[in-house]
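Accompanying notes for the structure given below.
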Amino acid sequence: MRPSALKRFRNALLGGLAALPLVTAASADAPRQGGGMTIAFKDDVATLDPAIGYDWQNWALIKSMFNGLMDYVPGTTQLRPELAQSYTVSPDGKTYMFKLRPGVKFQNGRLMTADDVVYSITRAVDPKTQSPGQSFFSAIDGFDAFTTNKAKTLTGISAPDPRTVVIKLSRPNASFLQVLALNFAFVVPKEVIAQPGYDFGKHPVGTGAFELKEWDLGQKLVLVRNPTYFEKGIPHLDMLTVEVGQDPLTALLRLEHGQLDALGDGIPPAKFVAVMKDPAMQPDIITGSRLATTYVTMNTQIKPFNDLRVRQAVNMAIDKAHIVRLINGRATPADQVLPPGMPGYNASFKGYAYDPAKAKDLLKAAGYPNGFSTTLYANNTDPNPRIAQALQQELAAVGITADLKTQSQDTVITAAGTPKTAPLVWSGGMAWSDDFPDPTDFYVPILSCSSAVQGGWNWSFYCNKPLDVQADAADAITDPAKAPQRLAAWKKIYAQVMADAPWVPVYNEKLYVLKSPRIAGARALFVDPIYTPINYAYVYATDGK
């Protein structure tokens, strides 16, 4: 029997890895076992709960402590099974059956079962969890009824036996296996979370390569090797220390003196030119491109940003080239939601031009000839305060007075995800980078109606229901022969988003990681496209001490 087009598509997508053992990207480097690594961040980690954590700081830490049914070959965007040992997909693309890897244990010693997988995904979808990743699972059968409290269970996922998970979709979804590799689908033990008064985000228990040993709030986190981890030889490090409350300039000095191994917040902008010109540092500067867009959101539920003309005026008021110059050219100006390199990016698309005069005309037409006052939220880690000030000045030039609120990352994220709270948000330091390399990832979790909820990342609270229908239809195209039609559909969707102007796309960032010479591994692990910024489980200490 000839394989169906859907099966051919799945096999191509996964590179034939559906039943192969795990692969280590750093194996060619003869990694040493043992030793530790220390990385420093300015802000404390908000949470280590995989259903909740969704910023670049905790993303890689959570991935180091938990696992899902699927994952990626380290340093690549190539999918592989992880907690799943194998899987099958029905010919219509709507039923997935996973056989679990045997003998996987939680870090408390309890054997993981299929019921844990069902519980964990259901928990991420449950409105009571307020997971920012809820909308990723919207294709699962019963999603709408469960999320609107019309059903007590998520009917599309079940565990026929302890090693089998069955997920039924209401519609085919070309990126669903990638969804199952997201942090939100990571497996957690129900009995731990159910303990009265237990804060799982601060005391996590997973199946991952590292487990949490210590968390001194405002000071440091200490992760240690999970001795029962199912992948032999992983992690290479015995210990990962995450220091917080570190000023980035101080962190750079400490790295230069051998007291740190990596800068969690990147090279401080004030020292970027000097670092890049220092020949002694060149071997340990790793660069890469990010599938990311940094932007300003406008809350469409708050006046006057419920007026399209006002949102268009804000787009025309911002000089993106000037903002890029403020960060030493470490980005390129953006004109659309998708970044270059992402499937569906439209190289011929022209966004809003910088035109303050036209911006003033639009404000006048909207009934604001003298402008208006508003509030702009921003992360308080450099260079974001300076960028926020530049945005403030550019808005003032067209009559918009913006009061700045530069706060810690987690505080801004909370405000931005609360309805009718944050009129404008500069996303620098918190901007959207790919969860997986597919155009749906820049729409469903941050621009769809299902993501315009409390705790979500649709900070503009933008909701275009007809566009959601088009997005569902595009994701239902699973035949590889129709891939061009699918990308064409996504280009139309993003053109309409830009016409509705809930965002000001500002720039597409380049990634620079500075590490100590004591930490090594495949260079792709330090600019990992999925584990931003560093894939901790696969890097190693060169001296093993």
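Residues in the structure tokens are named by chain (A, B, ... in the order shown) and by number from 1 within that chain; ligands are numbered from 1 in the order shown.
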
For this session: Would you kindly return, as a list in words, each protein, DNA or RNA residue with an atom no farther than 10 Å from any atom of Phe305 of chain A, considering only C-alpha atoms and excluding same-chain residues fewer than 5 positions away?
Result: Thr297, Met298, Asn299, Thr300, Val310, Arg311, Gln312, Val314, Thr374, Pro423, Leu424, Ser460, Ala501 and Pro502 of chain A

How would the residues just chosen look if you wrote them out with C-alpha atoms as an mmCIF file, in the first residue's frame?
data_model
loop_
_atom_site.group_PDB
_atom_site.id
_atom_site.type_symbol
_atom_site.label_atom_id
_atom_site.label_comp_id
_atom_site.auth_asym_id
_atom_site.auth_seq_id
_atom_site.Cartn_x
_atom_site.Cartn_y
_atom_site.Cartn_z
ATOM 1 C CA THR A 297 1.587 46.475 21.264
ATOM 2 C CA MET A 298 -1.490 48.699 21.404
ATOM 3 C CA ASN A 299 -4.318 47.448 23.595
ATOM 4 C CA THR A 300 -7.321 47.515 21.282
ATOM 5 C CA VAL A 310 -4.858 55.932 15.998
ATOM 6 C CA ARG A 311 -3.055 52.597 15.689
ATOM 7 C CA GLN A 312 -1.954 53.466 12.157
ATOM 8 C CA VAL A 314 1.431 55.180 16.070
ATOM 9 C CA THR A 374 -1.289 57.306 27.549
ATOM 10 C CA PRO A 423 -2.250 50.679 26.748
ATOM 11 C CA LEU A 424 1.207 50.408 25.134
ATOM 12 C CA SER A 460 -3.004 43.960 22.115
ATOM 13 C CA ALA A 501 -2.423 47.475 13.037
ATOM 14 C CA PRO A 502 -2.551 46.053 16.587
#

Exercise. Leaving out segment 507-513 of chain A and any residue of its chain fewer than 3 positions from it, which residues lie within 6 Å of it when counting only C-alpha atoms, given as JSON, numbers by chain?
Worked result: {"A": [285, 286, 287, 288, 289, 290, 292, 293, 294, 330, 331, 332, 333, 334]}

Preceding selection exported with N, CA and C atoms as a compact mmCIF listing (two decimals), in the first residue's frame:
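Writing done, so here's result.txt:
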# COMPACT_ATOMS: atom_id res chain seq x y z
N ILE A 285 32.52 34.58 21.58
CA ILE A 285 31.32 35.30 21.15
C ILE A 285 30.65 34.46 20.07
N ILE A 286 29.44 34.06 20.33
CA ILE A 286 28.70 33.21 19.39
C ILE A 286 27.52 34.01 18.88
N THR A 287 27.39 34.09 17.57
CA THR A 287 26.32 34.89 16.96
C THR A 287 25.38 33.98 16.18
N GLY A 288 24.17 34.43 16.06
CA GLY A 288 23.18 33.70 15.28
C GLY A 288 21.99 34.60 15.01
N SER A 289 21.17 34.21 14.07
CA SER A 289 19.96 34.95 13.78
C SER A 289 18.81 34.33 14.57
N ARG A 290 17.90 35.18 15.02
CA ARG A 290 16.74 34.70 15.76
C ARG A 290 15.50 34.85 14.89
N ALA A 292 12.65 36.07 15.38
CA ALA A 292 12.02 36.88 16.41
C ALA A 292 11.66 38.26 15.87
N THR A 293 10.60 38.82 16.41
CA THR A 293 10.20 40.18 16.11
C THR A 293 9.95 40.93 17.41
N THR A 294 10.52 42.11 17.53
CA THR A 294 10.32 42.95 18.71
C THR A 294 9.40 44.10 18.29
N ARG A 330 22.29 45.91 16.20
CA ARG A 330 22.13 44.48 16.48
C ARG A 330 20.76 43.96 16.04
N ALA A 331 20.22 44.53 15.00
CA ALA A 331 18.91 44.13 14.50
C ALA A 331 18.71 44.77 13.13
N THR A 332 17.62 44.41 12.48
CA THR A 332 17.21 45.05 11.24
C THR A 332 15.77 45.54 11.43
N PRO A 333 15.42 46.70 10.86
CA PRO A 333 14.05 47.20 11.00
C PRO A 333 13.03 46.20 10.48
N ALA A 334 11.91 46.08 11.19
CA ALA A 334 10.85 45.14 10.81
C ALA A 334 9.69 45.89 10.18

Exercise. Given the choices A:Ile234, A:Val166, A:Ala280, A:Leu308, which gets closest to Val539 of chain A if the distance is worked out from only C-alpha atoms?
Worked result: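 The answer is A:Ile234, which sits nearest to Val539 of chain A.
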
Exercise. If you run DSSP on the backbone, which residues of segment 182-344 of chain A are alpha helix (DSSP H), as a PyMOL selection string?
Worked result: chain A and resi 190-193+248-256+272-277+308-317+320-326

Print the selection's residues with N, CA, C and O atoms to a file, as a compact mmCIF listing (two decimals), in the first residue's frame.
# COMPACT_ATOMS: atom_id res chain seq x y z
N LYS A 190 0.43 14.97 39.00
CA LYS A 190 -0.78 15.56 39.57
C LYS A 190 -0.74 15.62 41.09
O LYS A 190 -1.13 16.62 41.69
N GLU A 191 -0.27 14.53 41.71
CA GLU A 191 -0.34 14.47 43.17
C GLU A 191 0.54 15.51 43.85
O GLU A 191 0.25 15.95 44.97
N VAL A 192 1.59 15.96 43.17
CA VAL A 192 2.45 17.01 43.73
C VAL A 192 1.73 18.35 43.65
O VAL A 192 1.68 19.11 44.63
N ILE A 193 1.17 18.66 42.50
CA ILE A 193 0.48 19.93 42.31
C ILE A 193 -0.75 20.02 43.22
O ILE A 193 -1.10 21.10 43.70
N PRO A 248 23.89 43.78 34.54
CA PRO A 248 24.61 43.22 33.39
C PRO A 248 26.05 43.69 33.27
O PRO A 248 26.92 42.91 32.84
N LEU A 249 26.36 44.93 33.63
CA LEU A 249 27.74 45.40 33.55
C LEU A 249 28.61 44.68 34.58
O LEU A 249 29.76 44.30 34.29
N THR A 250 28.07 44.49 35.77
CA THR A 250 28.80 43.74 36.80
C THR A 250 29.00 42.30 36.36
O THR A 250 30.07 41.71 36.56
N ALA A 251 27.97 41.73 35.76
CA ALA A 251 28.07 40.35 35.28
C ALA A 251 29.17 40.21 34.24
O ALA A 251 29.92 39.21 34.23
N LEU A 252 29.30 41.19 33.35
CA LEU A 252 30.37 41.15 32.34
C LEU A 252 31.74 41.15 33.01
O LEU A 252 32.63 40.36 32.63
N LEU A 253 31.94 42.00 34.00
CA LEU A 253 33.22 42.04 34.72
C LEU A 253 33.50 40.71 35.39
O LEU A 253 34.64 40.22 35.38
N ARG A 254 32.48 40.11 35.97
CA ARG A 254 32.67 38.84 36.65
C ARG A 254 33.02 37.73 35.66
O ARG A 254 33.82 36.85 35.96
N LEU A 255 32.42 37.78 34.45
CA LEU A 255 32.77 36.79 33.44
C LEU A 255 34.22 36.96 33.01
O LEU A 255 34.95 35.97 32.85
N GLU A 256 34.64 38.22 32.85
CA GLU A 256 36.03 38.47 32.46
C GLU A 256 37.02 37.97 33.51
O GLU A 256 38.16 37.61 33.19
N PHE A 272 29.03 46.82 24.27
CA PHE A 272 28.95 45.94 23.10
C PHE A 272 30.08 46.18 22.12
O PHE A 272 30.75 45.25 21.67
N VAL A 273 30.33 47.44 21.78
CA VAL A 273 31.38 47.75 20.79
C VAL A 273 32.74 47.31 21.31
O VAL A 273 33.53 46.70 20.58
N ALA A 274 33.01 47.59 22.59
CA ALA A 274 34.31 47.22 23.16
C ALA A 274 34.49 45.71 23.18
O ALA A 274 35.58 45.20 22.86
N VAL A 275 33.45 45.00 23.54
CA VAL A 275 33.54 43.53 23.57
C VAL A 275 33.77 42.98 22.17
O VAL A 275 34.62 42.10 21.96
N MET A 276 33.06 43.50 21.20
CA MET A 276 33.19 42.98 19.83
C MET A 276 34.55 43.27 19.23
O MET A 276 35.00 42.57 18.32
N LYS A 277 35.25 44.31 19.75
CA LYS A 277 36.58 44.65 19.23
C LYS A 277 37.70 43.97 20.03
O LYS A 277 38.88 44.10 19.65
N LEU A 308 -8.74 52.37 14.64
CA LEU A 308 -7.72 51.95 13.68
C LEU A 308 -6.81 53.11 13.28
O LEU A 308 -5.60 52.95 13.14
N ARG A 309 -7.39 54.29 13.10
CA ARG A 309 -6.59 55.44 12.65
C ARG A 309 -5.51 55.80 13.69
O ARG A 309 -4.40 56.19 13.32
N VAL A 310 -5.84 55.65 14.95
CA VAL A 310 -4.86 55.93 16.00
C VAL A 310 -3.73 54.91 15.94
O VAL A 310 -2.54 55.26 16.04
N ARG A 311 -4.08 53.65 15.76
CA ARG A 311 -3.06 52.60 15.69
C ARG A 311 -2.17 52.79 14.46
O ARG A 311 -0.94 52.58 14.51
N GLN A 312 -2.75 53.18 13.36
CA GLN A 312 -1.95 53.47 12.16
C GLN A 312 -1.03 54.66 12.40
O GLN A 312 0.13 54.66 11.96
N ALA A 313 -1.54 55.67 13.12
CA ALA A 313 -0.72 56.85 13.41
C ALA A 313 0.49 56.48 14.25
O ALA A 313 1.61 56.97 14.01
N VAL A 314 0.31 55.61 15.23
CA VAL A 314 1.43 55.18 16.07
C VAL A 314 2.46 54.44 15.22
O VAL A 314 3.67 54.62 15.38
N ASN A 315 2.00 53.61 14.30
CA ASN A 315 2.92 52.91 13.39
C ASN A 315 3.77 53.90 12.60
O ASN A 315 4.98 53.69 12.42
N MET A 316 3.15 55.00 12.15
CA MET A 316 3.87 55.96 11.33
C MET A 316 4.73 56.92 12.15
O MET A 316 5.60 57.59 11.61
N ALA A 317 4.50 56.96 13.46
CA ALA A 317 5.25 57.90 14.31
C ALA A 317 6.61 57.37 14.74
O ALA A 317 7.46 58.14 15.19
N LYS A 320 11.97 53.37 13.08
CA LYS A 320 12.58 52.08 13.42
C LYS A 320 14.08 52.07 13.20
O LYS A 320 14.83 51.45 13.96
N ALA A 321 14.53 52.74 12.16
CA ALA A 321 15.98 52.80 11.90
C ALA A 321 16.71 53.47 13.06
O ALA A 321 17.82 53.07 13.43
N HIS A 322 16.09 54.49 13.65
CA HIS A 322 16.69 55.17 14.80
C HIS A 322 16.78 54.22 15.99
O HIS A 322 17.80 54.18 16.69
N ILE A 323 15.75 53.42 16.22
CA ILE A 323 15.76 52.46 17.33
C ILE A 323 16.88 51.43 17.13
O ILE A 323 17.59 51.08 18.07
N VAL A 324 17.07 50.97 15.92
CA VAL A 324 18.13 50.00 15.62
C VAL A 324 19.51 50.60 15.90
O VAL A 324 20.41 49.93 16.42
N ARG A 325 19.67 51.88 15.57
CA ARG A 325 20.96 52.53 15.85
C ARG A 325 21.23 52.59 17.35
O ARG A 325 22.39 52.51 17.78
N LEU A 326 20.18 52.71 18.16
CA LEU A 326 20.36 52.76 19.62
C LEU A 326 20.93 51.47 20.18
O LEU A 326 21.54 51.47 21.25

Exercise. Just asking: which residues within segment 136-320 of chain A are strand (DSSP E) according to DSSP, as a PyMOL selection string?
Worked result: chain A and resi 157-161+164-168+210-216+220-225+239-243+262-263+285-289+292-298

Problem set entry | Best match for closeness to Lys220 of chain A among A:Ala357, A:Leu79, A:Val45, A:Val497, counting only C-alpha atoms | A:Val45

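Distances here use only C-alpha atoms; by that measure, the residue among A:Thr147, A:Ser90, A:Thr207, A:Asn306 closest to Ile62 of chain A is A:Thr207.
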
Mind running segment 34-89 of chain A against segment 260-266 of chain A at 9 Å and telling me each contacting residue's nearest atom pair with the distance in Å (one decimal), counting only C-alpha atoms, chain and number ascending, as JSON lines?
{"residue": "A:Met37", "atom": "CA", "partner": "A:Asp261", "partner_atom": "CA", "distance": 6.0}
{"residue": "A:Thr38", "atom": "CA", "partner": "A:Asp261", "partner_atom": "CA", "distance": 5.3}
{"residue": "A:Ile39", "atom": "CA", "partner": "A:Ala262", "partner_atom": "CA", "distance": 4.8}
{"residue": "A:Ala40", "atom": "CA", "partner": "A:Gly264", "partner_atom": "CA", "distance": 5.3}
{"residue": "A:Phe41", "atom": "CA", "partner": "A:Gly264", "partner_atom": "CA", "distance": 4.9}
{"residue": "A:Lys42", "atom": "CA", "partner": "A:Asp265", "partner_atom": "CA", "distance": 7.0}
{"residue": "A:Gln57", "atom": "CA", "partner": "A:Gly264", "partner_atom": "CA", "distance": 7.6}
